[in-house]
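Enquirer: Below: one structure in structure tokens.
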Amino acid sequence: MASARASSTVQATKTKAPDDLVAPVVKKPHIYYGSLEEKERERLAKGESGILGKEGLKAGIEAGNINITSGEVFEIEEHISERQAEVLAEFERRKRARQINVSTDDSEVKACLRALGEPITLFGEGPAERRERLRNILSVVGTDALKKTKKDDEKSKKSKEEYHQTWYHEGPHTLKVARLWIANYSLPRAMKRLEEARLHKEIPETTRTSQMQELHKSLRSLNNFCSQIGDDRPISYCHFSPNSKMLATACWSGLCKLWSVPDCNLLHTLRGHNTNVGAVVFHPKSTVSLDQKDVNLASCAADGSVKLWSLDSDEPVADIEGHTVRVARVMWHPSGRFLGTTCYDRSWRLWDLEAQEEILHQEGHSMGVYDIAFHQDGSLAGTGGLDAFGRVWDLRTGRCIMFLEGHLKEIYGINFSPNGYHIATGSGDNTCKVWDLRQRRCIYTIPAHQNLVTGVKFEPIHGNFLLTGAYDNTAKIWTHPGWSPLKTLAGHEGKVMGLDISSDGQLIATCSYDRTFKLWMAE
């Protein structure tokens with residue numbers, strides 16, 4: 001039964017695929033699995049070299065199919081194109097940029113750009129673009145560049161701080177003696193001043209107010225009662241004698257003149273300077289207790305000369321030598337023992353006339369020092385410089401105890417109030433500033449004049465008013481305190497170059513570029 005089925009199946013197959021349609025049988029290649037190591041050994045053992053033999057190798061080299069080098073190296077990097085090198089460099093830079101951390105604070109990013117010398121912002125650039133620009137810059141110059149600039153900035157800051165630090169050098173023994181003497185002189189005067197301030201405070205407020213109103217009324221009635229031509233050149237300075245009966249004037253002609261007050265008659269002409277005289281001042285005890293043969297006046301000039309004068313001679317008693325450039329101002333210490341001078345060599349000096357020597361050569365201003373004033377107690381000195389700064393010095397220790405910063409231009413005048421704690425400065429910025437020693441700051445700025453202020457002066461008894469003079473041809477009186485204008489002293493045809501108030505507070509003197517000086521008194 002099974003054989004019958006098989007034969008029928010073969011027949012069916014034959015009927016479906018005729019002989020002419022049968023595809024030829026493809027001879028399949030042999031596939032070997034495993035290693036050919038044994039076959040290779042057999043081949044080599046029979047001596048068959050084939051193409052791997054020595055003869056085959058030699059034939060391959062001769063045919064040029066096999067290249068054997070003789071130590072020559074083919075440098076691929078040398079033949080890479082410049083474009084490819086740029087692409088590689090850019091790729092490396094971007095790789096470094098991705099690894100750099102940049103602050104998200106925009107102000108820090110700007111600071112870093114400024115430190116690297118790059119513009120802190122570009123047109124249309126936002127914070128994100130600015131951060132990306134900083135990252136790209138750092139990827140080129142390296143993060144060490146930013147650290148280096150920070151270190152350089154720190155070094156420059158340190159050097160500036162070291163430059164601005166106060167430094168001291170050893171002074172002569174006479175300076176120590178002078179400092180002790182000034183301390184012993186000033187402390188009793190300070191105690192007396194404070195006691196007078198306490199007594200003044202005990203006066204009823206209504207009485208003080210009425211007294212101040214009377215004073216203001218008299219000041220408003222001030223008039224020019226004497227005008228005198230003092231020289232054929234401008235008059236640069238004027239100063240009342242301690243007894244208020246003489247006025248000294250300094251002229252650009254080189255002459256110093258003494259005038260009687262109030263009739264303005266010429267008493268003496270002091271001849272000795274050869275150029276512009278900057279200032280002439282009376283000794284604090286002159287005309288009061290000093291003999292006429294003693295040193296009663298001091299003067300200074302643009303050639304650096306400083307001269308001392310008596311009242312019985314027209315010739316100088318002595319010369320103070322040491323300055324080589326212009327001496328702008330000279331001022332007596334309240335004791336009369338010391339003399340202060342300001343110089344265009346950026347320093348001021350203190351001279352001991354008893355020891356007849358210079359005891360202090362003080363620097364501190366960055367430009368010439370123009371004016372100097374002493375505290376009523378004798379403990380402090382104030383200087384105003386052409387660098388627009390003022391300084392207050394403690395003569396007992398040598399320290400600068402207050403820095404007067406605020407003026408926009410040169411300081412031409414400085415003065416202490418009799419109350420002991422107010423200082424006034426006049427400047428080329430047309431203003432007068434009032435400073436408080438207790439608060440160590442400027443408490444008021446008076447827009448005083450329309451041109452540079454040449455001088456400031458407090459009323460010498462109680463400091464009840466302030467006098468200022470300027471290049472706008474006027475002098476003005478201001479209330480103290482309050483700093484409101486009381487009176488404008490107009491009459492000069494030229495710049496007001498100097499001013500003073502008599503020791504009794506009754507007279508005001510002004511001198512001008514118009515070669516005249518004027519006396520003002522209340523009616």
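Here's how to read the names in the structure tokens: chain A, B, ... by the order shown, residue numbers from 1 in each chain, ligand numbers from 1 in the order shown.
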Just want the 7 Å neighbourhood of range 231-240 of chain A, counted on only C-alpha atoms, with same-chain residues fewer than 3 positions away dropped. Output as a ChimeraX atom specification.

Expert: /A:244,246-253,278-281,497-500,502,511-516

Enquirer: Would you tabulate, counting only C-alpha atoms, all residues of range 446-494 of chain A that have an atom at most 12 Å from an atom of range 381-398 of chain A, showing the closest pair of atoms and their distance in Å to one decimal, sorted by chain then ascending number, as CSV?

Expert:
residue,atom,partner,partner_atom,distance
A:Thr454,CA,A:Gly384,CA,11.6
A:Gly455,CA,A:Gly384,CA,11.2
A:Val456,CA,A:Gly384,CA,11.7

Enquirer: Taking the DSSP assignment computed from this structure's backbone, write out as an MDAnalysis selection string all residues of range 433-501 of chain A that belong to strand (DSSP E or B).

Expert: chainID A and resid 433:436 441:446 453:458 465:470 474:479 485:490 496:501

Enquirer: Neighbours of Arg198 in chain A within 12 Å (only C-alpha atoms; same-chain residues fewer than 6 positions away dropped), as an MDAnalysis selection string?

Expert: chainID A and resid 191:192 419

Enquirer: Would you mind telling me which residue in A:Asn274, A:Ser305, A:Thr510, A:Ser218 lies nearest to Lys457 in chain A when using only C-alpha atoms?

Expert: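 Smallest distance to Lys457 in chain A is found for A:Thr510.
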
Enquirer: So which one's closest to Cys400 in chain A, A:Ser221, A:Thr425, A:Gln362, A:Ser286? Using only C-alpha atoms, please.

Expert: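 For Cys400 in chain A, the nearest of the candidates is A:Gln362.
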
Enquirer: What does the structure give for the distance between CA of Leu113 in chain A and CA of Arg130 in chain A, in Å to one decimal?

Expert: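 A separation of 9.0 Å between them.
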
Enquirer: Nearest to Glu170 in chain A: which of A:Ile477, A:Ile359, A:Ile443, A:Ile120 is it, counting only C-alpha atoms?

Expert: A:Ile359

Enquirer: Write out as an NGL selection string the set of residues from range 158-369 of chain A that DSSP, computed on the backbone, places in alpha helix (DSSP H).

Expert: :A and (158-164 or 173-202 or 205-220)

Enquirer: List every residue of range 109-207 of chain A that has an atom at most 12 Å from any atom of range 90-99 of chain A, giving for each one its closest atom pair and the distance in Å to one decimal, counting only C-alpha atoms, sorted by chain and then by ascending residue number, as a tab-separated table.

Expert:
residue	atom	partner	partner_atom	distance
A:Arg131	CA	A:Ala97	CA	11.2
A:Glu132	CA	A:Ala97	CA	8.9
A:Arg133	CA	A:Ala97	CA	10.1
A:Leu134	CA	A:Ala97	CA	9.5
A:Arg135	CA	A:Ala97	CA	5.8
A:Asn136	CA	A:Ala97	CA	6.0
A:Ile137	CA	A:Ala97	CA	8.7
A:Leu138	CA	A:Ala97	CA	7.4
A:Ser139	CA	A:Ala97	CA	5.0
A:Val140	CA	A:Arg93	CA	6.9
A:Val141	CA	A:Arg93	CA	10.3
A:Gly142	CA	A:Arg96	CA	9.1
A:Thr143	CA	A:Ala97	CA	10.3

Enquirer: Calculate how many Å separate CA of Ser347 in chain A from CA of His361 in chain A, rounding to one decimal.

Expert: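 That distance, rounded to one decimal, is 6.8 Å.
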
Enquirer: Using only C-alpha atoms, which protein or nucleic acid residues come within 10 Å of Ser335 in chain A? Drop anything in the same chain fewer than 5 positions from it, and give the result as a ChimeraX atom specification.

Expert: /A:182,185-186,283-285,376-378

Enquirer: What is the distance, in Å and to one decimal place, between CA of Ala475 in chain A and CA of Thr488 in chain A?

Expert: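 Computing it gives 5.9 Å between the two atoms.
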